[in-house]
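Inspection log for the structure reproduced underneath, given as structure tokens.
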Amino acid sequence: MDSVTDIRKPENIVYRKPALLTDNIMHYCPGCSHGTVHKIIAEVIEEMGIQDRTIGISPVGCSVFAYNYIDIDWQEAAHGRAPALATAAKRLNPDKYVFTYQGDGDLASIGTAEIIHACSRGENIVVVFINNGIYGMTGGQMAPTTLLGMKTSTTPYGRDAKLNGFPLKITEMLAALDGTAFITRQAVHTAAAVRKTKNAIRKGFEYSMKDIGLSFIEVVSTCNSGWKLSPVEANKWMTEHMFEKYPLGDIKDVLK
Amino acid sequence: MTEKILLKGNEAIALSAIRNGVDGYFGYPITPQSEVMETLMKEKPWETTGMVVLQAESELSSINMVYGGACCGKKVMTSSSSPGISLMAEGISYIAGAELPCVIVDVMRGGPGLGTIQPSQSDYFQAVKGGGHGDYHCIVLAPASPQDMYDFVDWGFDLAFKYRNPVMILADGIIGQLMEKVEMHPVKPRRTDEEILRDAPWATVGKPASRARNVITSLSLDANTQEEFNRKLLVKYGKIKENEVKYIGYRTEDAEYLFVAFGCSARICEAATDMLREEGIKAGLLRPVTLYPFPEKEISRLAGQVKSMMSIELSLGQMVEDVRLAADGRCPVGFYGRQGGNIFTPEEIVSEFKKFNNIA
């Protein structure tokens, strides 16, 4: 029988942490989707060999510290304004890959004007949109994408359309704009889903050099702390409830 | 011979940006400064120097485009007028907090609220004292002619990069709209990517293997780290105060009375000074060219020389507070102002001067 030391050889390695993921301990809660999405972004940048040509824009929200985890140049935006920063970064550096990483509060509430107009202008950037239906960083308040009936700290009796309005399907809205090239909604709750999301992010990065407009990858995500569920229960709840309102799949691809 | 052409102040800003190697302009239309972006769009600098010009969906967005461009080490700027600058306050605070260079032009109009579209100087406090949240200052330059508008763009970028600090050109509706001959200095090319990396090694333009990643942020979370940063800013502002104060004295050598005024008010006070001199009254004028840093030492010195000072402003009295602080009780400091877009005449100032100084 081989010992662990005997089998730990380069030819036997089937998985390793991406080189572009730093050794900083992530502040994300166990079970949160952010870590997985960070990892696949790091993998895509590494596999494309574009670390020296990539500019990331981090948001305000749980992923405000994205710049601590992926080893690329980062700009930390004000709440909701990442697409404005990305617009300038890309137009001033058309040979660089520019992406924003934004949550639902950042992108679909306070930053609606910035994302809509970046899409409408057809900026050649990539937007990764994490939709977990809640404000995680500030302690679980209602987000624009919170489902009807969903309990949060500012909808303690459940979201009521009369009182709080309806959940915003911003991804479908953005697909209607002429400046968008690729719009998709994915998730990272299974190995297969992670692979699909990674492919979508890679396609977005590739499209951003084709001068065909903005690529937008929504990732329906879990916030088990905010949802007050275990990681396993959160995945189940997301599958049963979030996917009904936010169905997975490509919504628009101008090259297909 | 350098070329001289007839230009509005706003047009001078636009042509100066193109001719001084600015990389990007991001703006939103608002009276009385819309000619800045209109001129840029007409000139199409993207076909000549490669300068990016973009009309944003709001001032919020345009200042954040400036933020993103400045993060890349580029020479980027915006222009607006009072209500638009209020919207930019968030972004200006972030730019100050991230220690980034940029130039912001404010062609002031009457306020508060939607106010008027006529000239005003009632955003002195907003420009000089901060405007956004947190302990910070913009370097504030006060042009008094289209030539100043032309020259201050390049000067502003020099200061912005020297101190990694936002610079505001605080003009008003008159200076923006006034047409005068402007001397066009020789063209400066845009910096190459190599020159940008040399001037701004902190720029976020892609991380090569040879250096650690660059991160531009204004977030600390830890109280001690934030306090340390605030104190670092204080040291920087101290250096700015030490090195960059600029003012123009007019007939101050033997002055017994002093006007303090900036921008268009300074030009009107110059005429009032001459009128008083013709009557044998020894008046003088101090025009602060930098409002932050404020020429407090020179005002303090003159406070020991003159019988009184008057701050003359198109506001209810804002700069007068800094004049009083600088004079520190050593001479009486009066104020006269007009508001709402109304402008004083030299005769009106002479008359108010006599009232304040009890001269018949």
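So you can find residues: chains in the structure tokens are A, B, ... in the order shown, residues in each start at 1, and ligands are numbered from 1 in order.
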### Query
Would you give me, as a list of chain:residue names, the residues in segment 98-189 of chain A that DSSP reads as alpha helix (DSSP H)?
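Filtering segment 98-189 of chain A down to alpha helix (DSSP H) leaves A:Asp104, A:Gly105, A:Thr112, A:Ala113, A:Glu114, A:Ile115, A:Ile116, A:His117, A:Ala118, A:Cys119, A:Ser120, A:Arg121, A:Ala161, A:Lys162, A:Leu163, A:Asn164, A:Ile170, A:Thr171, A:Glu172, A:Met173, A:Leu174, A:Ala175.
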### Message
At a cut-off of 9 Å, using only C-alpha atoms, what residues contact Ala96 of chain B? Leave out same-chain residues fewer than 6 positions from it and give the result as a list of chain:residue names.
### Response
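The contact residues come out as B:Tyr136, B:His137, B:Cys138, B:Arg164, B:Asn165, B:Pro166, B:Ser218.
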Using only all heavy atoms, please write the residues we just selected to a file, as a PDB file, in the first residue's frame.
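Ended up saving to part11.pdb:
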ATOM      1  N   TYR B 136     -10.717  65.985   3.924  1.00  0.00           N
ATOM      2  CA  TYR B 136      -9.898  66.094   2.710  1.00  0.00           C
ATOM      3  C   TYR B 136     -10.003  67.496   2.129  1.00  0.00           C
ATOM      4  O   TYR B 136     -10.910  68.258   2.475  1.00  0.00           O
ATOM      5  CB  TYR B 136     -10.312  65.067   1.644  1.00  0.00           C
ATOM      6  CG  TYR B 136     -11.549  65.446   0.867  1.00  0.00           C
ATOM      7  CD1 TYR B 136     -11.460  66.178  -0.315  1.00  0.00           C
ATOM      8  CD2 TYR B 136     -12.815  65.089   1.312  1.00  0.00           C
ATOM      9  CE1 TYR B 136     -12.588  66.552  -1.020  1.00  0.00           C
ATOM     10  CE2 TYR B 136     -13.948  65.450   0.608  1.00  0.00           C
ATOM     11  CZ  TYR B 136     -13.835  66.185  -0.553  1.00  0.00           C
ATOM     12  OH  TYR B 136     -14.954  66.563  -1.251  1.00  0.00           O
ATOM     13  N   HIS B 137      -9.077  67.824   1.268  1.00  0.00           N
ATOM     14  CA  HIS B 137      -9.126  69.080   0.528  1.00  0.00           C
ATOM     15  C   HIS B 137      -8.779  68.836  -0.930  1.00  0.00           C
ATOM     16  O   HIS B 137      -7.873  68.060  -1.233  1.00  0.00           O
ATOM     17  CB  HIS B 137      -8.109  70.084   1.074  1.00  0.00           C
ATOM     18  CG  HIS B 137      -8.508  70.679   2.386  1.00  0.00           C
ATOM     19  ND1 HIS B 137      -9.472  71.661   2.504  1.00  0.00           N
ATOM     20  CD2 HIS B 137      -8.087  70.418   3.642  1.00  0.00           C
ATOM     21  CE1 HIS B 137      -9.608  71.986   3.774  1.00  0.00           C
ATOM     22  NE2 HIS B 137      -8.786  71.240   4.491  1.00  0.00           N
ATOM     23  N   CYS B 138      -9.487  69.538  -1.814  1.00  0.00           N
ATOM     24  CA  CYS B 138      -9.005  69.669  -3.186  1.00  0.00           C
ATOM     25  C   CYS B 138      -8.062  70.869  -3.206  1.00  0.00           C
ATOM     26  O   CYS B 138      -8.213  71.796  -2.418  1.00  0.00           O
ATOM     27  CB  CYS B 138     -10.158  69.967  -4.145  1.00  0.00           C
ATOM     28  SG  CYS B 138     -11.277  68.595  -4.395  1.00  0.00           S
ATOM     29  N   ARG B 164      -0.603  63.883  -5.992  1.00  0.00           N
ATOM     30  CA  ARG B 164      -1.640  62.845  -6.064  1.00  0.00           C
ATOM     31  C   ARG B 164      -2.899  63.333  -5.351  1.00  0.00           C
ATOM     32  O   ARG B 164      -3.358  62.751  -4.362  1.00  0.00           O
ATOM     33  CB  ARG B 164      -1.155  61.525  -5.453  1.00  0.00           C
ATOM     34  CG  ARG B 164      -0.236  60.738  -6.354  1.00  0.00           C
ATOM     35  CD  ARG B 164       0.088  59.370  -5.805  1.00  0.00           C
ATOM     36  NE  ARG B 164      -1.110  58.533  -5.717  1.00  0.00           N
ATOM     37  CZ  ARG B 164      -1.093  57.265  -5.318  1.00  0.00           C
ATOM     38  NH1 ARG B 164       0.027  56.690  -4.983  1.00  0.00           N
ATOM     39  NH2 ARG B 164      -2.216  56.567  -5.267  1.00  0.00           N
ATOM     40  N   ASN B 165      -3.470  64.396  -5.883  1.00  0.00           N
ATOM     41  CA  ASN B 165      -4.607  65.037  -5.227  1.00  0.00           C
ATOM     42  C   ASN B 165      -5.533  65.646  -6.281  1.00  0.00           C
ATOM     43  O   ASN B 165      -5.040  66.177  -7.278  1.00  0.00           O
ATOM     44  CB  ASN B 165      -4.084  66.157  -4.308  1.00  0.00           C
ATOM     45  CG  ASN B 165      -5.047  66.470  -3.181  1.00  0.00           C
ATOM     46  OD1 ASN B 165      -5.175  65.685  -2.249  1.00  0.00           O
ATOM     47  ND2 ASN B 165      -5.722  67.594  -3.279  1.00  0.00           N
ATOM     48  N   PRO B 166      -6.856  65.574  -6.067  1.00  0.00           N
ATOM     49  CA  PRO B 166      -7.748  66.235  -7.030  1.00  0.00           C
ATOM     50  C   PRO B 166      -7.558  67.753  -7.011  1.00  0.00           C
ATOM     51  O   PRO B 166      -7.350  68.334  -5.944  1.00  0.00           O
ATOM     52  CB  PRO B 166      -9.154  65.856  -6.549  1.00  0.00           C
ATOM     53  CG  PRO B 166      -8.994  65.419  -5.130  1.00  0.00           C
ATOM     54  CD  PRO B 166      -7.598  64.880  -5.004  1.00  0.00           C
ATOM     55  N   SER B 218      -9.977  53.311  -1.003  1.00  0.00           N
ATOM     56  CA  SER B 218      -9.999  54.288   0.090  1.00  0.00           C
ATOM     57  C   SER B 218     -10.560  53.639   1.349  1.00  0.00           C
ATOM     58  O   SER B 218     -10.986  54.320   2.262  1.00  0.00           O
ATOM     59  CB  SER B 218     -10.827  55.512  -0.311  1.00  0.00           C
ATOM     60  OG  SER B 218     -12.137  55.128  -0.657  1.00  0.00           O
TER      61      SER B 218
END
### Query
Any idea which chain B residues end up within 9 Å of chain A if we count only C-alpha atoms, as an MDAnalysis selection string please?
chainID B and resid 23:24 26 51:52 54 56:58 60:72 74 90:91 94 203:209 212:219
### Query
Near Gly341 of chain B, within 12 Å and counting only C-alpha atoms, which residues show up once chain neighbours fewer than 5 positions away are dropped, as a list in words?
Pro32, Met108, Arg109, Gly110, Gly111, Pro112, Gly115, Thr116, Ile117, Gln118, Pro119, Ser120, Gln121, Ser122, Asp172, Gly173, Ile174, Glu313, Leu314, Ser315 and Leu316 of chain B
Please, could you write that set of residues out with all heavy atoms as a CSV table (one decimal), in the first residue's frame?
chain,number,residue,atom,x,y,z
B,32,PRO,N,-23.7,76.9,-16.8
B,32,PRO,CA,-23.2,77.6,-18.0
B,32,PRO,C,-21.8,77.1,-18.4
B,32,PRO,O,-20.9,77.8,-18.6
B,32,PRO,CB,-23.0,79.0,-17.4
B,32,PRO,CG,-22.7,78.8,-16.0
B,32,PRO,CD,-23.3,77.5,-15.6
B,108,MET,N,-19.3,78.0,-11.7
B,108,MET,CA,-20.4,78.2,-10.7
B,108,MET,C,-21.6,79.0,-11.2
B,108,MET,O,-21.4,80.0,-11.9
B,108,MET,CB,-19.8,78.9,-9.4
B,108,MET,CG,-18.9,78.1,-8.6
B,108,MET,SD,-18.4,79.0,-7.1
B,108,MET,CE,-17.1,80.1,-7.8
B,109,ARG,N,-22.7,78.6,-10.7
B,109,ARG,CA,-24.0,79.4,-11.0
B,109,ARG,C,-24.7,79.6,-9.6
B,109,ARG,O,-24.3,79.0,-8.6
B,109,ARG,CB,-24.9,78.6,-12.0
B,109,ARG,CG,-25.2,77.2,-11.5
B,109,ARG,CD,-25.9,76.4,-12.6
B,109,ARG,NE,-27.3,76.2,-12.3
B,109,ARG,CZ,-28.1,75.4,-13.1
B,109,ARG,NH1,-27.6,74.9,-14.2
B,109,ARG,NH2,-29.4,75.2,-12.7
B,110,GLY,N,-25.8,80.3,-9.6
B,110,GLY,CA,-26.4,80.7,-8.4
B,110,GLY,C,-27.2,79.5,-7.8
B,110,GLY,O,-27.7,78.7,-8.5
B,111,GLY,N,-27.2,79.4,-6.4
B,111,GLY,CA,-27.9,78.4,-5.7
B,111,GLY,C,-28.4,78.9,-4.4
B,111,GLY,O,-28.4,80.1,-4.3
B,112,PRO,N,-28.9,78.1,-3.5
B,112,PRO,CA,-28.9,76.7,-3.5
B,112,PRO,C,-30.0,76.0,-4.4
B,112,PRO,O,-30.8,76.8,-5.0
B,112,PRO,CB,-29.2,76.4,-2.0
B,112,PRO,CG,-30.0,77.5,-1.5
B,112,PRO,CD,-29.5,78.7,-2.3
B,115,GLY,N,-31.5,76.7,-8.4
B,115,GLY,CA,-30.9,78.1,-8.4
B,115,GLY,C,-31.1,78.7,-9.7
B,115,GLY,O,-32.1,78.6,-10.4
B,116,THR,N,-30.1,79.5,-10.2
B,116,THR,CA,-30.1,80.2,-11.4
B,116,THR,C,-29.0,79.7,-12.3
B,116,THR,O,-28.2,78.9,-11.9
B,116,THR,CB,-29.9,81.7,-11.2
B,116,THR,OG1,-28.6,81.9,-10.6
B,116,THR,CG2,-30.9,82.3,-10.4
B,117,ILE,N,-29.0,80.2,-13.6
B,117,ILE,CA,-27.9,79.8,-14.5
B,117,ILE,C,-26.9,80.9,-14.6
B,117,ILE,O,-26.0,80.8,-15.4
B,117,ILE,CB,-28.4,79.3,-15.8
B,117,ILE,CG1,-29.3,80.4,-16.5
B,117,ILE,CG2,-29.2,78.0,-15.7
B,117,ILE,CD1,-29.7,80.1,-17.9
B,118,GLN,N,-27.1,82.0,-13.9
B,118,GLN,CA,-26.2,83.1,-14.0
B,118,GLN,C,-25.0,82.9,-13.0
B,118,GLN,O,-25.1,82.1,-12.1
B,118,GLN,CB,-27.0,84.4,-13.6
B,118,GLN,CG,-27.9,84.9,-14.7
B,118,GLN,CD,-29.3,84.3,-14.6
B,118,GLN,OE1,-29.5,83.5,-13.7
B,118,GLN,NE2,-30.2,84.6,-15.5
B,119,PRO,N,-24.0,83.8,-13.2
B,119,PRO,CA,-22.7,83.5,-12.5
B,119,PRO,C,-22.9,83.8,-11.0
B,119,PRO,O,-23.7,84.6,-10.5
B,119,PRO,CB,-21.8,84.6,-13.0
B,119,PRO,CG,-22.6,85.5,-13.9
B,119,PRO,CD,-23.8,84.8,-14.2
B,120,SER,N,-22.1,83.0,-10.2
B,120,SER,CA,-22.1,83.1,-8.8
B,120,SER,C,-20.8,82.6,-8.2
B,120,SER,O,-20.0,82.0,-9.0
B,120,SER,CB,-23.3,82.2,-8.2
B,120,SER,OG,-23.2,82.2,-6.8
B,121,GLN,N,-20.5,82.9,-7.0
B,121,GLN,CA,-19.3,82.4,-6.3
B,121,GLN,C,-19.7,81.7,-5.0
B,121,GLN,O,-19.0,81.7,-4.0
B,121,GLN,CB,-18.3,83.5,-6.1
B,121,GLN,CG,-17.8,84.1,-7.4
B,121,GLN,CD,-16.8,85.2,-7.1
B,121,GLN,OE1,-16.9,86.0,-6.2
B,121,GLN,NE2,-15.7,85.3,-8.0
B,122,SER,N,-20.9,81.2,-5.0
B,122,SER,CA,-21.5,80.7,-3.7
B,122,SER,C,-21.1,79.3,-3.4
B,122,SER,O,-21.7,78.7,-2.5
B,122,SER,CB,-23.0,81.0,-3.6
B,122,SER,OG,-23.6,80.3,-4.7
B,172,ASP,N,-16.6,80.8,-12.7
B,172,ASP,CA,-18.0,81.2,-12.5
B,172,ASP,C,-18.5,81.5,-13.9
B,172,ASP,O,-17.8,81.5,-14.9
B,172,ASP,CB,-18.1,82.4,-11.6
B,172,ASP,CG,-17.3,83.6,-12.2
B,172,ASP,OD1,-17.7,84.1,-13.2
B,172,ASP,OD2,-16.3,84.0,-11.6
B,173,GLY,N,-19.8,81.7,-14.0
B,173,GLY,CA,-20.5,81.8,-15.3
B,173,GLY,C,-19.9,82.9,-16.1
B,173,GLY,O,-19.9,82.8,-17.4
B,174,ILE,N,-19.4,84.0,-15.5
B,174,ILE,CA,-18.8,85.0,-16.3
B,174,ILE,C,-17.5,84.5,-17.0
B,174,ILE,O,-17.3,84.7,-18.2
B,174,ILE,CB,-18.4,86.3,-15.5
B,174,ILE,CG1,-19.7,86.9,-15.0
B,174,ILE,CG2,-17.7,87.3,-16.3
B,174,ILE,CD1,-19.5,88.2,-14.2
B,313,GLU,N,-17.6,89.4,-2.8
B,313,GLU,CA,-17.9,88.1,-3.4
B,313,GLU,C,-19.3,88.0,-4.0
B,313,GLU,O,-20.2,88.7,-3.5
B,313,GLU,CB,-17.8,87.0,-2.3
B,313,GLU,CG,-16.5,86.9,-1.5
B,313,GLU,CD,-16.7,86.0,-0.3
B,313,GLU,OE1,-17.1,84.9,-0.4
B,313,GLU,OE2,-16.3,86.5,0.8
B,314,LEU,N,-19.5,87.2,-5.0
B,314,LEU,CA,-20.8,86.9,-5.5
B,314,LEU,C,-21.4,85.8,-4.6
B,314,LEU,O,-21.6,84.6,-5.1
B,314,LEU,CB,-20.8,86.5,-6.9
B,314,LEU,CG,-20.3,87.6,-7.9
B,314,LEU,CD1,-20.3,87.0,-9.3
B,314,LEU,CD2,-21.2,88.8,-7.9
B,315,SER,N,-21.7,86.1,-3.3
B,315,SER,CA,-22.3,85.1,-2.4
B,315,SER,C,-22.8,85.9,-1.2
B,315,SER,O,-22.7,87.1,-1.1
B,315,SER,CB,-21.2,84.1,-2.0
B,315,SER,OG,-20.3,84.7,-1.0
B,316,LEU,N,-23.3,85.2,-0.2
B,316,LEU,CA,-23.7,85.9,1.0
B,316,LEU,C,-22.5,86.1,2.0
B,316,LEU,O,-22.7,86.5,3.1
B,316,LEU,CB,-24.8,85.0,1.7
B,316,LEU,CG,-26.2,85.0,1.1
B,316,LEU,CD1,-27.1,84.1,1.9
B,316,LEU,CD2,-26.8,86.5,1.2
#### Entry: Pick from A:Gly249, A:Pro30, A:Gly140, A:Gly204, whichever lies nearest to Val128 of chain A using only C-alpha atoms
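Closest to Val128 of chain A of all the choices is A:Gly204.
The shortest atom-to-atom distance to Asn224 of chain A, with only C-alpha atoms taken into account, belongs to A:Cys29 out of A:Val37, A:Ala66, A:Cys29, A:Leu255.
Those residues that approach Lys256 of chain A to within 12 Å, counting only C-alpha atoms, are Ala181, Phe182, Ile183, Asp250, Ile251 and Lys252 of chain A; same-chain residues fewer than 4 positions away are not listed.
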